[in-house]
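Okay, entry_7.pdb is below, PDB, C-alpha atoms:
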MODEL        1
ATOM      1  CA  MET A   1      67.082  54.005 109.009
ATOM      2  CA  ARG A   2      70.405  52.220 109.306
ATOM      3  CA  LEU A   3      72.546  51.580 106.238
ATOM      4  CA  SER A   4      74.707  48.532 105.754
ATOM      5  CA  ARG A   5      78.462  49.005 105.440
ATOM      6  CA  SER A   6      78.342  47.945 101.795
ATOM      7  CA  ARG A   7      75.661  50.506 100.965
ATOM      8  CA  VAL A   8      77.556  53.270 102.754
ATOM      9  CA  GLY A   9      80.619  52.354 100.708
ATOM     10  CA  VAL A  10      78.623  52.574  97.471
ATOM     11  CA  LEU A  11      77.249  56.003  98.440
ATOM     12  CA  VAL A  12      80.726  57.326  99.302
ATOM     13  CA  LEU A  13      82.109  56.014  96.020
ATOM     14  CA  PHE A  14      79.223  57.558  94.058
ATOM     15  CA  GLY A  15      79.749  60.904  95.770
ATOM     16  CA  ALA A  16      83.448  60.845  94.955
ATOM     17  CA  MET A  17      82.675  60.075  91.312
ATOM     18  CA  ILE A  18      80.271  63.035  91.097
ATOM     19  CA  LEU A  19      82.895  65.399  92.517
ATOM     20  CA  THR A  20      85.512  64.075  90.102
ATOM     21  CA  LEU A  21      83.243  64.459  87.071
ATOM     22  CA  THR A  22      82.307  67.980  88.132
ATOM     23  CA  ALA A  23      85.965  68.945  88.407
ATOM     24  CA  LEU A  24      86.726  67.532  84.956
ATOM     25  CA  ALA A  25      83.763  69.249  83.319
ATOM     26  CA  PHE A  26      84.363  72.621  84.909
ATOM     27  CA  PRO A  27      88.004  73.670  85.533
ATOM     28  CA  ALA A  28      88.788  74.972  88.981
ATOM     29  CA  VAL A  29      90.276  78.425  89.398
ATOM     30  CA  LEU A  30      93.188  79.441  91.574
ATOM     31  CA  GLY A  31      95.240  82.559  92.008
ATOM     32  CA  LEU A  32      92.656  85.188  91.028
ATOM     33  CA  ASP A  33      90.846  85.674  94.306
ATOM     34  CA  LYS A  34      93.612  87.652  96.002
ATOM     35  CA  PRO A  35      97.009  89.116  95.201
ATOM     36  CA  ALA A  36      99.788  86.603  95.837
ATOM     37  CA  GLY A  37     102.091  89.234  97.297
ATOM     38  CA  ASP A  38     102.245  91.064 100.603
ATOM     39  CA  GLN A  39     100.562  94.487 100.712
ATOM     40  CA  SER A  40     102.860  95.560 103.547
ATOM     41  CA  ARG A  41     106.109  94.660 101.748
ATOM     42  CA  VAL A  42     107.392  97.579  99.685
ATOM     43  CA  VAL A  43     109.462  96.402  96.715
ATOM     44  CA  ALA A  44     110.144  99.798  95.116
ATOM     45  CA  SER A  45     109.901 103.503  95.874
ATOM     46  CA  THR A  46     108.487 105.417  92.909
ATOM     47  CA  ARG A  47     107.449 109.017  92.294
ATOM     48  CA  PHE A  48     103.870 107.716  92.230
ATOM     49  CA  GLY A  49     104.121 106.294  95.725
ATOM     50  CA  PRO A  50     105.497 103.072  97.238
ATOM     51  CA  LEU A  51     104.975  99.905  95.211
ATOM     52  CA  THR A  52     104.188  96.847  97.277
ATOM     53  CA  GLU A  53     104.516  93.189  96.385
ATOM     54  CA  ALA A  54     100.719  92.950  96.142
ATOM     55  CA  ASP A  55     100.561  96.029  93.888
ATOM     56  CA  ARG A  56     103.085  94.494  91.509
ATOM     57  CA  ASP A  57     101.307  91.139  91.456
ATOM     58  CA  PHE A  58      98.007  92.872  90.748
ATOM     59  CA  VAL A  59      99.370  94.613  87.647
ATOM     60  CA  VAL A  60     100.796  91.311  86.374
ATOM     61  CA  LYS A  61      97.507  89.478  86.979
ATOM     62  CA  VAL A  62      95.424  92.108  85.179
ATOM     63  CA  ARG A  63      97.756  91.819  82.205
ATOM     64  CA  ALA A  64      97.636  87.993  82.295
ATOM     65  CA  ALA A  65      93.837  88.002  82.460
ATOM     66  CA  GLY A  66      93.704  89.891  79.176
ATOM     67  CA  LEU A  67      96.070  87.442  77.512
ATOM     68  CA  TRP A  68      93.435  84.704  77.677
ATOM     69  CA  GLU A  69      90.136  86.559  77.977
ATOM     70  CA  TYR A  70      90.786  88.777  74.939
ATOM     71  CA  PRO A  71      91.239  85.811  72.540
ATOM     72  CA  LEU A  72      88.349  84.027  74.232
ATOM     73  CA  GLY A  73      86.240  87.147  73.669
ATOM     74  CA  GLU A  74      87.140  87.043  69.976
ATOM     75  CA  MET A  75      86.123  83.389  69.915
ATOM     76  CA  VAL A  76      82.792  84.220  71.562
ATOM     77  CA  MET A  77      82.159  87.016  69.050
ATOM     78  CA  GLU A  78      82.635  84.532  66.224
ATOM     79  CA  ARG A  79      81.082  81.354  67.622
ATOM     80  CA  GLY A  80      78.501  82.492  70.187
ATOM     81  CA  THR A  81      75.048  81.286  69.193
ATOM     82  CA  THR A  82      73.038  84.276  70.461
ATOM     83  CA  LYS A  83      73.189  88.048  70.208
ATOM     84  CA  ALA A  84      73.787  88.265  73.980
ATOM     85  CA  MET A  85      76.797  85.974  73.631
ATOM     86  CA  LYS A  86      78.283  88.038  70.807
ATOM     87  CA  THR A  87      77.719  91.202  72.848
ATOM     88  CA  ALA A  88      79.539  89.631  75.787
ATOM     89  CA  GLY A  89      82.444  88.788  73.481
ATOM     90  CA  GLU A  90      82.636  92.387  72.282
ATOM     91  CA  HIS A  91      82.740  93.675  75.859
ATOM     92  CA  LEU A  92      85.511  91.231  76.765
ATOM     93  CA  VAL A  93      87.636  92.321  73.820
ATOM     94  CA  VAL A  94      87.143  96.059  74.311
ATOM     95  CA  GLY A  95      87.485  95.898  78.096
ATOM     96  CA  HIS A  96      90.697  93.903  78.116
ATOM     97  CA  ALA A  97      92.218  96.000  75.348
ATOM     98  CA  GLY A  98      91.688  99.026  77.611
ATOM     99  CA  LEU A  99      93.123  97.304  80.676
ATOM    100  CA  ASP A 100      96.055  96.047  78.620
ATOM    101  CA  ALA A 101      96.839  99.559  77.415
ATOM    102  CA  LYS A 102      96.796 100.791  81.017
ATOM    103  CA  CYS A 103      99.084  97.971  82.187
ATOM    104  CA  ARG A 104     101.561  98.668  79.390
ATOM    105  CA  GLU A 105     101.448 102.382  80.215
ATOM    106  CA  ILE A 106     102.189 102.064  83.923
ATOM    107  CA  ALA A 107     104.507  99.027  83.964
ATOM    108  CA  PRO A 108     107.629 100.890  82.736
ATOM    109  CA  GLU A 109     106.965 103.704  85.219
ATOM    110  CA  LEU A 110     106.851 101.186  88.063
ATOM    111  CA  GLY A 111     109.628  98.878  86.853
ATOM    112  CA  ILE A 112     107.263  95.934  86.360
ATOM    113  CA  THR A 113     107.963  93.234  83.762
ATOM    114  CA  LEU A 114     104.754  92.107  82.076
ATOM    115  CA  PRO A 115     104.131  88.564  80.831
ATOM    116  CA  ASN A 116     103.402  87.876  77.166
ATOM    117  CA  ARG A 117     101.598  84.603  77.861
ATOM    118  CA  ALA A 118      98.812  83.642  80.196
ATOM    119  CA  SER A 119      99.375  80.944  82.804
ATOM    120  CA  GLU A 120      99.120  77.267  81.934
ATOM    121  CA  GLN A 121      95.819  77.100  83.790
ATOM    122  CA  GLN A 122      94.395  80.089  81.897
ATOM    123  CA  GLU A 123      95.454  78.656  78.540
ATOM    124  CA  GLY A 124      93.671  75.492  79.619
ATOM    125  CA  PHE A 125      90.457  77.489  80.101
ATOM    126  CA  VAL A 126      90.623  78.658  76.488
ATOM    127  CA  ALA A 127      91.328  75.141  75.220
ATOM    128  CA  SER A 128      88.440  73.742  77.271
ATOM    129  CA  VAL A 129      85.965  76.211  75.749
ATOM    130  CA  ASP A 130      87.425  75.851  72.246
ATOM    131  CA  ALA A 131      86.784  72.100  72.357
ATOM    132  CA  ARG A 132      83.023  72.671  72.628
ATOM    133  CA  SER A 133      80.447  73.855  70.119
ATOM    134  CA  GLY A 134      76.928  75.250  69.985
ATOM    135  CA  LYS A 135      75.114  75.694  73.286
ATOM    136  CA  GLU A 136      77.820  73.791  75.153
ATOM    137  CA  PHE A 137      80.356  76.337  73.909
ATOM    138  CA  ASP A 138      78.152  79.193  75.130
ATOM    139  CA  SER A 139      77.660  77.659  78.572
ATOM    140  CA  ALA A 140      81.316  76.738  79.086
ATOM    141  CA  ALA A 141      82.551  80.193  78.055
ATOM    142  CA  VAL A 142      80.066  82.068  80.215
ATOM    143  CA  ASN A 143      80.516  80.031  83.374
ATOM    144  CA  ILE A 144      84.311  79.814  83.287
ATOM    145  CA  MET A 145      84.549  83.579  82.793
ATOM    146  CA  ARG A 146      81.883  84.294  85.408
ATOM    147  CA  VAL A 147      83.927  82.335  87.960
ATOM    148  CA  THR A 148      87.180  84.143  87.178
ATOM    149  CA  HIS A 149      85.569  87.577  87.144
ATOM    150  CA  GLY A 150      83.736  86.818  90.382
ATOM    151  CA  GLN A 151      87.009  85.863  92.046
ATOM    152  CA  ILE A 152      89.035  88.879  90.979
ATOM    153  CA  PHE A 153      86.275  91.420  91.683
ATOM    154  CA  PRO A 154      86.781  91.531  95.490
ATOM    155  CA  ALA A 155      90.566  91.377  95.002
ATOM    156  CA  ILE A 156      90.379  94.622  93.015
ATOM    157  CA  ALA A 157      88.573  96.273  95.922
ATOM    158  CA  ASN A 158      91.258  95.088  98.348
ATOM    159  CA  VAL A 159      94.044  96.544  96.199
ATOM    160  CA  ARG A 160      92.146  99.792  95.652
ATOM    161  CA  ALA A 161      91.567 100.201  99.391
ATOM    162  CA  ALA A 162      95.133  99.443 100.447
ATOM    163  CA  THR A 163      97.481 100.712  97.745
ATOM    164  CA  ARG A 164      99.399 103.975  98.213
ATOM    165  CA  ASN A 165     100.530 104.044  94.596
ATOM    166  CA  THR A 166      98.681 106.461  92.307
ATOM    167  CA  LEU A 167      99.141 104.416  89.124
ATOM    168  CA  VAL A 168      98.030 101.164  90.743
ATOM    169  CA  ARG A 169      95.002 103.019  92.082
ATOM    170  CA  GLN A 170      94.140 104.168  88.547
ATOM    171  CA  LEU A 171      94.419 100.622  87.232
ATOM    172  CA  ALA A 172      92.227  99.322  90.058
ATOM    173  CA  ASP A 173      89.562 101.929  89.256
ATOM    174  CA  LEU A 174      89.540 100.925  85.594
ATOM    175  CA  ALA A 175      89.598  97.211  86.434
ATOM    176  CA  ASN A 176      86.663  97.625  88.833
ATOM    177  CA  ASP A 177      84.482  99.211  86.135
ATOM    178  CA  THR A 178      85.578  96.744  83.466
ATOM    179  CA  VAL A 179      85.109  93.590  85.526
ATOM    180  CA  LEU A 180      81.686  94.759  86.735
ATOM    181  CA  ASP A 181      80.725  95.356  83.110
ATOM    182  CA  HIS A 182      81.915  91.883  82.129
ATOM    183  CA  ILE A 183      80.048  90.219  85.001
ATOM    184  CA  THR A 184      76.905  92.066  83.925
ATOM    185  CA  VAL A 185      77.031  91.115  80.232
ATOM    186  CA  LEU A 186      77.828  87.497  81.130
ATOM    187  CA  GLU A 187      74.771  87.382  83.383
ATOM    188  CA  LYS A 188      72.607  88.900  80.644
ATOM    189  CA  THR A 189      73.232  85.785  78.525
ATOM    190  CA  GLY A 190      70.988  83.880  80.940
ATOM    191  CA  LEU A 191      73.514  81.054  81.094
ATOM    192  CA  VAL A 192      75.205  81.645  84.450
ATOM    193  CA  GLU A 193      74.794  78.629  86.738
ATOM    194  CA  TYR A 194      74.910  80.544  90.012
ATOM    195  CA  ASP A 195      75.175  77.629  92.454
ATOM    196  CA  ARG A 196      77.981  76.085  90.448
ATOM    197  CA  VAL A 197      79.759  79.406  90.026
ATOM    198  CA  THR A 198      79.543  80.220  93.742
ATOM    199  CA  PHE A 199      81.003  76.827  94.622
ATOM    200  CA  GLN A 200      83.911  77.320  92.221
ATOM    201  CA  GLN A 201      84.583  80.851  93.461
ATOM    202  CA  THR A 202      84.643  79.941  97.136
ATOM    203  CA  GLY A 203      86.265  76.505  96.974
ATOM    204  CA  PRO A 204      88.976  76.553  94.318
ATOM    205  CA  ALA A 205      91.151  73.474  93.942
ATOM    206  CA  LYS A 206      94.781  73.747  94.947
ATOM    207  CA  LEU A 207      97.132  73.693  91.982
ATOM    208  CA  PRO A 208     100.925  74.011  91.815
ATOM    209  CA  ARG A 209     102.098  77.616  91.618
ATOM    210  CA  GLU A 210     103.718  77.084  88.219
ATOM    211  CA  LYS A 211     100.293  76.201  86.777
ATOM    212  CA  VAL A 212      98.777  79.543  87.803
ATOM    213  CA  THR A 213     101.734  81.875  87.280
ATOM    214  CA  PRO A 214     102.248  83.426  83.822
ATOM    215  CA  PRO A 215     105.737  82.720  82.476
ATOM    216  CA  PRO A 216     108.152  85.678  82.233
ATOM    217  CA  PRO A 217     108.989  86.996  78.756
ATOM    218  CA  GLN A 218     112.191  85.886  77.057
ATOM    219  CA  PRO A 219     115.097  88.376  76.914
ATOM    220  CA  GLY A 220     114.507  90.825  74.060
ATOM    221  CA  GLU A 221     110.957  89.609  73.472
ATOM    222  CA  ARG A 222     108.623  92.363  72.263
ATOM    223  CA  VAL A 223     105.663  93.257  74.453
ATOM    224  CA  LEU A 224     102.474  91.741  73.062
ATOM    225  CA  VAL A 225      99.781  94.359  72.395
ATOM    226  CA  LEU A 226      96.087  93.508  72.606
ATOM    227  CA  LYS A 227      94.627  95.376  69.643
ATOM    228  CA  PRO A 228      92.144  98.147  70.518
ATOM    229  CA  ARG A 229      88.749  97.802  68.822
ATOM    230  CA  PRO A 230      87.111 101.257  68.620
ATOM    231  CA  ASP A 231      85.095  99.905  65.686
ATOM    232  CA  LEU A 232      82.995  97.871  68.142
ATOM    233  CA  ASP A 233      81.686 101.057  69.826
ATOM    234  CA  VAL A 234      81.299  99.345  73.211
ATOM    235  CA  ASN A 235      81.136 101.123  76.573
ATOM    236  CA  THR A 236      82.562  99.054  79.424
ATOM    237  CA  ALA A 237      81.857 101.580  82.195
ATOM    238  CA  SER A 238      78.733 101.912  84.370
ATOM    239  CA  PRO A 239      76.861  98.854  83.093
ATOM    240  CA  ALA A 240      73.093  98.547  83.417
ATOM    241  CA  PRO A 241      72.339  95.786  85.929
ATOM    242  CA  ALA A 242      71.221  92.395  84.711
ATOM    243  CA  PRO A 243      67.658  91.361  85.578
ATOM    244  CA  SER A 244      67.186  89.028  88.533
ATOM    245  CA  PRO A 245      67.063  85.317  87.602
ATOM    246  CA  ALA A 246      63.753  85.188  89.500
ATOM    247  CA  ALA A 247      62.212  88.008  87.476
ATOM    248  CA  PRO A 248      59.456  87.000  85.022
TER     249      PRO A 248
ENDMDL
END
Please render this file's structure as structure tokens.
Amino acid sequence: MRLSRSRVGVLVLFGAMILTLTALAFPAVLGLDKPAGDQSRVVASTRFGPLTEADRDFVVKVRAAGLWEYPLGEMVMERGTTKAMKTAGEHLVVGHAGLDAKCREIAPELGITLPNRASEQQEGFVASVDARSGKEFDSAAVNIMRVTHGQIFPAIANVRAATRNTLVRQLADLANDTVLDHITVLEKTGLVEYDRVTFQQTGPAKLPREKVTPPPPQPGERVLVLKPRPDLDVNTASPAPAPSPAAP
């Protein structure tokens, strides 16, 4: 069947509108899928092994992830509408507190300056979720975090496989367990929109670097500490797998 030029134009316009609305409703993610630096470029020699540009960027990104996912986890604990949501919030808080402690432990040893604020894009994620309520809040929180965790998961494996620095290797091991745990508890909410998440993970929009790079701390600024929560009694290692979406 042949379409008239006018009808083709309407279909193209409609398709463009759908893509635009999707982008507005669900923020795109950039900068988490791989380290920005070069794994072959050594920027420092330490007693723990050479530190590459990619190693350094990885430590900064793990720290920055906690700066927005920890407060979002607290928000989910308070405002999530189901027990599974509140459990996911607890795991986010406990997991990122542990990763934050590790980043703050190794950064001085490696001469790495840690940010005290997340990137503009990451702060936008929090604001986007905060603007919703009820079931919409649950869905927005779960799917945004499932995209970001799905992007950084393979990046952790790349760093772990390539780094020659003992401390970076330790952080990658901890990050691997923690991110897998977070992916699992997010999936157990039953709210992950897998097709949408896969599209966002594999086709992120291109944003200016300043939007996805956490700002450096001001001179003399104290290092922000993400408060540990042993009172939550949450284990973020070796998670039990989530059931298949197709399972009865």
Given 6 Å on each side, where is the centre and what are the edge lengths in Å to one decimal of the axis-aligned box enclosing the listed atoms of range 155-174 of chain A, as JSON?
{"center_x": 94.6, "center_y": 98.9, "center_z": 93.0, "size_x": 24.0, "size_y": 27.1, "size_z": 26.9}
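Applied to the file shown here, the PyMOL selection byres ((chain A and resi 132-138) around 10) selects the residues Met75, Val76, Arg79, Gly80, Thr81, Thr82, Met85, Lys86, Ala127, Ser128, Val129, Asp130, Ala131, Ser139, Ala140, Ala141, Val142, Asn143, Thr189 and Leu191 of chain A.
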Item to complete: Kindly indicate which residue among A:Glu53, A:Asp195, A:Glu69, A:Asp173 lies nearest to Gly95 in chain A, using all atoms listed in the file for the distances.
Response: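 Closest to Gly95 in chain A, using all atoms listed in the file: A:Glu69.
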Discussion item. Translate the PyMOL selection byres ((chain A and resi 153-161) around 10) into a concrete residue list for this structure, as a ChimeraX atom specification.
Written reply: /A:32-35,39,54-55,58,62,148-152,162-166,168-180,183
Response to the item:
Counting all atoms listed in the file, closest pick from A:Ser40, A:Ser45, A:Gln218, A:Thr52 relative to Thr113 in chain A is A:Gln218
